[in-house]
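Participant: Starting off with a structure, shown below.
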Number of protein chains: 2
Amino acid sequence: MTQFINSTDHLVTDALDGLLRTHRLSRLDGYPHIKVIFRRDTGNASVALVSGGGSGHEPAHAGFVAEGLLSAAVCGEVFASPSVEAVLAGILAVTGDAGCLLIVKNYTGDRLNFGLAAERAKALGRKVEMVVVGDDVALPDLPQPRGVAGTLFVHKIAGHLASQGASLATVASAARAVAKAARSYGVALDNCTVPGSSKDARVPTGKAELGLGIHGEPGVQMIDFTTATSVCTVLMDKLGESLDGGTGQVMLLNNLGGATPLEMQILLKTLLDTASGQHIRAVIGPAPMMTSLDMHGFSVSLLPAQEEWMQALESPVNCAAWPGSHRVGAIDVQPLPEGLRTTPGDSSHDESVSGLIADSCAAFLAMQDDLNALDARTGDGDTGSTVAQAARNLHAVIGKLPLADPPALLRAISDQLSVSMGGSSGVLLAILFSAASDAARAGDDTLTALREGVRRMMTYGGASLGDRTMIDALVPALDELLDSGSLQQAAQAARKGADATARMSRARSGRSTYVPAASLQGVIDPGAEAVARYFAMLAARNTSQ
Amino acid sequence: MTQFINSTDHLVTDALDGLLRTHRLSRLDGYPHIKVIFRRDTGNASVALVSGGGSGHEPAHAGFVAEGLLSAAVCGEVFASPSVEAVLAGILAVTGDAGCLLIVKNYTGDRLNFGLAAERAKALGRKVEMVVVGDDVALPDLPQPRGVAGTLFVHKIAGHLASQGASLATVASAARAVAKAARSYGVALDNCTVPGSSKDARVPTGKAELGLGIHGEPGVQMIDFTTATSVCTVLMDKLGESLDGGTGQVMLLNNLGGATPLEMQILLKTLLDTASGQHIRAVIGPAPMMTSLDMHGFSVSLLPAQEEWMQALESPVNCAAWPGSHRVGAIDVQPLPEGLRTTPGDSSHDESVSGLIADSCAAFLAMQDDLNALDARTGDGDTGSTVAQAARNLHAVIGKLPLADPPALLRAISDQLSVSMGGSSGVLLAILFSAASDAARAGDDTLTALREGVRRMMTYGGASLGDRTMIDALVPALDELLDSGSLQQAAQAARKGADATARMSRARSGRSTYVPAASLQGVIDPGAEAVARYFAMLAARNTSQ
């Protein structure tokens, strides 16, 4: 089995029960044969709207049973019309004195079963009208055009009128006008998979089938698929043949089931960008509304944007399956905010700071090969190169740095590292120096500020002591320095911390998280090693000065 | 290309532009590098919520930019974190005096880029907090659990609080509590397809991968997939390990992209039916919320159903991507309506009617082989058998029919035909007799009533004169009979009409619609032939009596 079902025998009732458990809807006690989902909260005071047909088109139709939409949905098995008895049961369940409108997609089985049920209901004294939707323009020579996603226009507009208390004559007349004016066209890159059956893999890779039906029945033409634009142009040209220029159009963009939300958004943009797309005033979707199981395709339905229809389509409903109607507008593009790009502080001079930075850069450059070798044993072997690249770049700009202004200098270093040092470590160190700059500006001395920067780096990076990262050397070293003021002792603490990483069998953060414990044993983390060597340099430098 | 895109170079900006054309949102002028979608209608008076990350998870996150949800989404390329500069731009675009909360899924790139951007924004004087969501329980040994669909809980609850004017401290604290309490687990029957790349077809047919990440990264285990129930039980057992019994749970049921709406509804029912499912008090979805392109899978996220969280999740928002939170209840099952099954009228006797029906049944039985032979040339060769079956069944019940009550008799014949005659023709004739019964009850004589029945059958069936159906014989015969009262002339009209169908090169309705014109030439439509022979029998019978 390759679909999330339990059995082809009761997949439709399973799906309906999922809906029923989470919505204030009712069903008739007629499973498995009679599958009627309906609203019992209406008191049947207004005109009832009943739709339905074969299943496999979810959320249509049961998902649209809601105030302002359908009163009842009569559901058949997958791609099979419900029986006359089931439709009649649906009509009788929701039809009061105001009467009932049946909204039927134009397939022979549906038309006849709903039709006979309508006759039976009339014989039982119910007022019943029926509208047949045949919106598919894909097969122009078909005497009975198929009913597809344009049916949703009828549901929403008739549903709005019914909820406003309109008479059956008014609702039926509006529904017929909408059904007559709606037209749809679909395209798919792959056919659907009927549960329990193998797929008719009719559409070869690289091809698109135009006008494929919502049951996977053959379309009008197989074309080469190149881009979304090419296929959208074909669709809109076809639909545009009958565009009446005056009012503009409402577009319903329907996911046939297997297109991703990302693709659907791209298609929306692409459709609006076509020549005919300029006439589109509002969009319903993109969303799965009238699907064909997992068909990787979409359909476009257009309806003239008459004001009363627009209003009915835009009236809010409490129905998650209905995506709403959104007016089309130009894109509002706003300028980038001020302050986005850091302006380097004014450069200033400080001999001792300049010397410290130069020596630091030299020290990191000197570690390059050793760090790469260490990293090669537990990672991708580029720690040395990454550090050296950052050191080289920082060294090149020493003269431009605000050396005499510690908060500004810390920020400048952060900015440098964020652009010149690749990978996570560049961002982590940029965070360290950025947070240190803030702390320094708030009054901390530089060392305390750097310790605060390390804390913030740990917060964002997620590493703690013992996680086999540079933290294991850096934190003890800084703490020691803050505590004792001795660079000597700080260097010892850093070395001890770095060496300890060789005994940590498990990396819990950073580069070595996915490396097996055995490979880590005896290998010092290259980040911690860099810190230890750096502090050793500082201690030696301090002694020699 | 096998996806509806135009180019992998600008697929994300294409998708965002689709959203922007149809929503009152803005974007920053930073394409292609800076992709920030934001609300400009807030005046930045309340706490801003900024989320984002790599794309490919639509509608997350841009689809959730709305009042009561996010203020801005910062979008990277597919599965790639946005840059520090892009995140900073997003923060600066929407953050006023009330400050900003960053909601970040726990992936290293996102955590660091959002983290550094937060530091930069703070340095620019903005109040910024950050919450990291790590709700995935699939890989329990991962020190940094991944952030997946549970992030939506945080968006909605924090968004509700922010829209209510809560302070940054309050919003951030609530967001952290929700992030800490949320846990998610996913499963897929197939991996995702990254646009422009070939799919890592890691999941073999018949298997399911548990804990697959939303970028297709490996999960915890590959299991045999048998039914929805088996996989839902595994998921809920795992998630249930940390269920706290008291409050119950809210479940967010997320389509990872490639599951059909039908499957998702089945999964909802199945999840609620598991042992742990009894604790679920409300459901968000099923819907695609945090997708992984076209991954054929779903994820379940649970959150303790604390009252204030429930209320925040249930507060309405004007956002099509947010499916709402629905309380779980029992299924309301209502008895079938009265009058659904037709009760046969009281039988009554009328010698002449009884004789007519018996002779009619005999006539239709006699046509069986000839009609089958005709149908075999243009259809599936069963017209004769279908008609004979109906005749046989009707003949068997003659004694039980209300023979002396024409409206009741017409209805009884309709009911008989609808249950005993297969295919479309059974329903069509049932409609004919049902409508005729109504007309007779309204006062029409039987012949006029039958003509009305034919009119209604044509309405529901969609066939007109000249469409190569039984209509082509039936309508002229009845019209002639109504006009002249002569069965002789009616029989001639029927024969003429039937013969004419042999010259109709194109069926526009019914059984032969899909048969090539050449195959139709010279073959009389079997339905029309049946009518012609029947009227011939009536005329002969009339003469002999």
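So you can find residues: chains in the structure tokens are A, B, ... in the order shown, residues in each start at 1, and ligands are numbered from 1 in order.
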Could you produce a table of the residues of chain B lying within 6 Å of chain A, with the nearest pair of atoms per residue and their separation in Å rounded to one decimal, using only C-alpha atoms, ordered by chain and increasing residue number, as CSV?
Facilitator:
residue,atom,partner,partner_atom,distance
B:Met1,CA,A:Gly206,CA,6.0
B:Phe4,CA,A:Ala228,CA,4.9
B:Ile5,CA,A:Ala228,CA,5.0
B:Asn6,CA,A:Thr227,CA,4.8
B:Asp14,CA,A:Ile266,CA,5.2
B:Ala15,CA,A:Ile266,CA,4.2
B:Gly18,CA,A:Lys269,CA,4.0
B:Leu20,CA,A:Ile331,CA,5.7
B:Arg21,CA,A:Gly329,CA,5.3
B:Thr22,CA,A:Val328,CA,4.8
B:Ser26,CA,A:Asp332,CA,4.8
B:Arg27,CA,A:Val333,CA,5.1
B:Leu28,CA,A:Gln334,CA,4.8
B:Asp29,CA,A:Pro335,CA,5.2
B:Glu58,CA,A:Pro261,CA,5.6
B:Gly115,CA,A:Tyr460,CA,5.7
B:Leu116,CA,A:Ile431,CA,5.1
B:Pro143,CA,A:Arg508,CA,5.5
B:Gly206,CA,A:Met1,CA,6.0
B:Thr227,CA,A:Asn6,CA,4.8
B:Ala228,CA,A:Phe4,CA,4.9
B:Gly257,CA,A:Thr260,CA,5.9
B:Gly258,CA,A:Gly258,CA,5.9
B:Thr260,CA,A:Asp294,CA,5.6
B:Pro261,CA,A:Glu58,CA,5.6
B:Leu262,CA,A:Glu58,CA,5.8
B:Glu263,CA,A:Phe4,CA,5.4
B:Gln265,CA,A:Ala15,CA,4.5
B:Ile266,CA,A:Ala15,CA,4.2
B:Leu268,CA,A:Gly18,CA,5.2
B:Lys269,CA,A:Gly18,CA,4.0
B:Leu293,CA,A:Thr260,CA,5.9
B:Asp294,CA,A:Thr260,CA,5.6
B:Ala320,CA,A:Pro323,CA,5.2
B:Pro323,CA,A:Ala320,CA,5.2
B:His326,CA,A:Thr22,CA,5.5
B:Arg327,CA,A:Thr22,CA,5.8
B:Val328,CA,A:Thr22,CA,4.8
B:Gly329,CA,A:Arg21,CA,5.3
B:Ala330,CA,A:Arg21,CA,5.8
B:Ile331,CA,A:Arg21,CA,5.6
B:Asp332,CA,A:Ser26,CA,4.9
B:Val333,CA,A:Arg27,CA,5.1
B:Gln334,CA,A:Leu28,CA,4.8
B:Pro335,CA,A:Asp29,CA,5.2
B:Leu336,CA,A:Leu28,CA,5.7
B:Ile431,CA,A:Leu116,CA,5.1
B:Tyr460,CA,A:Gly115,CA,5.7
B:Arg508,CA,A:Pro143,CA,5.5
Participant: If you run DSSP on the backbone here, which positions in region 349-510 of chain A get alpha helix (DSSP H)? Please write them as a PyMOL selection string.
Facilitator: chain A and resi 351-366+368-378+383-396+406-420+423-441+446-461+471-484+487-501
Participant: Can you pull out every residue within 10 Å of Ala540 (chain A), counting only C-alpha atoms, but drop anything in the same chain fewer than 4 positions away, and send it as a list in words?
Facilitator: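 The filter keeps Leu487, Gln488, Ala491, Tyr534, Phe535, Ala536, Ser544 and Gln545 of chain A.
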Participant: If DSSP is run on the backbone, what residues of region 306-371 of chain A are strand (DSSP E or B)? A reply as a PyMOL selection string would be ideal.
Facilitator: chain A and resi 325-327+332-334+348
Participant: I want to know what sits within 9 Å of Val523 (chain B), based on only C-alpha atoms, with residues of the same chain fewer than 3 positions away left out; could you give that as a list in words?
Facilitator: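 In the requested form, the answer reads Leu374, Asp375, Arg377, Thr378, Asp499, Thr501, Ala502, Arg503, Ser519, Leu520 and Pro526 of chain B.
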